[in-house]
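Colleague: Here's a structure for you.
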Amino acid sequence: MTALRRYPVLLALCLAALFMVVPFLIVAVNAVKSPAEYSQNGPLSLPHGLYLDGLKDFWQRVDYTQKLVNSTLISGSVALLATALSVLNAYAIGVGRIRGRTWVLAFFVLANMLPQEALVYPLYYLSKQAGLYDTRLSVIIVFTVIQSAFGTYLLSAVLGQFPREIVEAARIDGANKWQILVRIVVPVSRPTLGVLLVFFFIWTWNEFLLPLVMLISNDNQTVSVALGVLQGQRLMDATMTNAAALLGVLPAIVFFLVFQRTLTRGIAAGAVK
């Protein structure tokens with residue numbers, strides 16, 4: 001306790017971690033309760049045993065396996081494509097020093113500031129015209145562009161400080177622009193790219209509005225859409241609602257924990273630079 005008083009930043013981090021962990025633990029505990037236990041003892045009581053029927057019923061009701069495949073495919077594809085597109089854009093802006101780079105960056109900032117509600121109808125109309133409506137490809141394309149706008153803005157600031165001497169030395173040795181990008185810029189920027197990859201995956205996984213509008217077929221819906229639609233039907237009890245929330249957030253948490261070292265290494269590298 002004395003150490004926490006001496007280090008207010010550490011105290012703030014501990015409190016933030018507490019506020020994030022406690023709701024997840026409450027959801028996890030209530031997900032394995034029976035409806036009778038929940039109604040009798042309340043949401044803060046511990047279960048007397050593991051009641052898994054809520055998890056099983058939710059899994060079968062929404063065909064969670066298919067939803068999990070859809071979300072993983074969409075989020076993984078967006079993370080990889082948006083990171084690659086961000087690298088190409090930022091390489092042209094930060095290292096290539098294209099003309100009007102300030103206005104180009106302002107355009108990407110503006111793209112990040114637009115609310116998704118303003119994009120729903122134009123994207124719906126364009127996907128209809130292109131024959132991509134109600135396909136996972138349409139959502140992948142949309143979120144690749146949206147996420148790469150942020151990635152381009154971030155990487156442009158990083159690559160703008162890239163040592164020009166290294167680039168000039170590579171050119172003298174006969175390397176072309178693609179070789180400089182693949183062999184020099186990308187390896188040096190790998191920690192930052194890892195951070196973007198993790199963020200893009202989690203952000204896309206949690207998206208709800210655009211997938212709700214663009215994916216109307218049950219076979220194409222994502223996990224977040226399935227959770228929202230099923231809750232709107234008012235067919236779940238409290239324990240199944242918690243089971244649905246647990247299954248919805250658990251894959252993103254697992255992905256974050258698996259790539260935690262990548263995220264930490266990327267942030268640490270940015271701090272050192």
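By convention here, the chains of the structure tokens are called A, B, ... in the order presented, each chain's residues are numbered starting at 1, and ligands are numbered starting at 1 in the order presented.
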Please build the interface table for range 113-184 of chain A against range 188-193 of chain A with a cut-off of 9 Å, listing for each qualifying residue the nearest atom pair and the distance in Å to one decimal; count only C-alpha atoms, order rows by chain and increasing number, and write it as a Markdown table.
Modeller:
```
| residue | atom | partner | partner_atom | distance |
| --- | --- | --- | --- | --- |
| A:Gly151 | CA | A:Leu193 | CA | 8.9 |
| A:Leu155 | CA | A:Thr192 | CA | 7.9 |
| A:Val158 | CA | A:Ser189 | CA | 8.3 |
| A:Leu159 | CA | A:Ser189 | CA | 8.2 |
| A:Arg183 | CA | A:Val188 | CA | 8.8 |
| A:Ile184 | CA | A:Val188 | CA | 6.3 |
```
Colleague: Leaving out range 44-54 of chain A and any residue of its chain fewer than 4 positions from it, which residues lie within 12 Å of it when counting only C-alpha atoms, given as a ChimeraX atom specification?
Modeller: /A:22-23,25-40,58-61,236-247
Colleague: Which of these residues is nearest to Thr222 in chain A, using only C-alpha atoms: A:Ile166, A:Leu55, A:Val186, A:Val139?
Modeller: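 Closest to Thr222 in chain A of all the choices is A:Val139.
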Colleague: DSSP on the backbone, then: every residue of range 63-164 of chain A marked helix (DSSP H, G or I), written as JSON, numbers by chain.
Modeller: {"A": [64, 65, 66, 67, 68, 69, 70, 71, 72, 73, 74, 75, 76, 77, 78, 79, 80, 81, 82, 83, 84, 85, 86, 87, 88, 89, 90, 91, 92, 93, 94, 95, 101, 102, 103, 104, 105, 106, 107, 108, 109, 110, 111, 112, 113, 116, 117, 118, 120, 121, 122, 123, 124, 125, 126, 127, 128, 129, 130, 136, 137, 138, 139, 140, 141, 142, 143, 144, 145, 146, 147, 148, 149, 150, 151, 152, 153, 154, 155, 156, 157, 158, 159, 164]}
Colleague: Show which residues sit within 9 Å of range 205-221 of chain A, as a PyMOL selection string. Count only C-alpha atoms, and ignore same-chain residues fewer than 5 positions away.
Modeller: chain A and resi 62-63+66-67+70-72+74-76+116-117+119-120+123-124+127+133-136+138-139+142+200+226+228-229+248-249+252
Colleague: Rounded to one decimal place, report the CA of Thr144 in chain A-CA of Leu81 in chain A distance in Å.
Modeller: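 Those two atoms sit 6.2 Å apart.
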Colleague: Counting only C-alpha atoms, what is within 8 Å of range 92-104 of chain A, bar same-chain residues fewer than 2 positions away, as number ranges by chain?
Modeller: A: 88-90, 106-108, 155-162
Colleague: To one decimal place, how far is CA of Leu137 in chain A from CA of Leu85 in chain A in Å?
Modeller: 16.3 Å
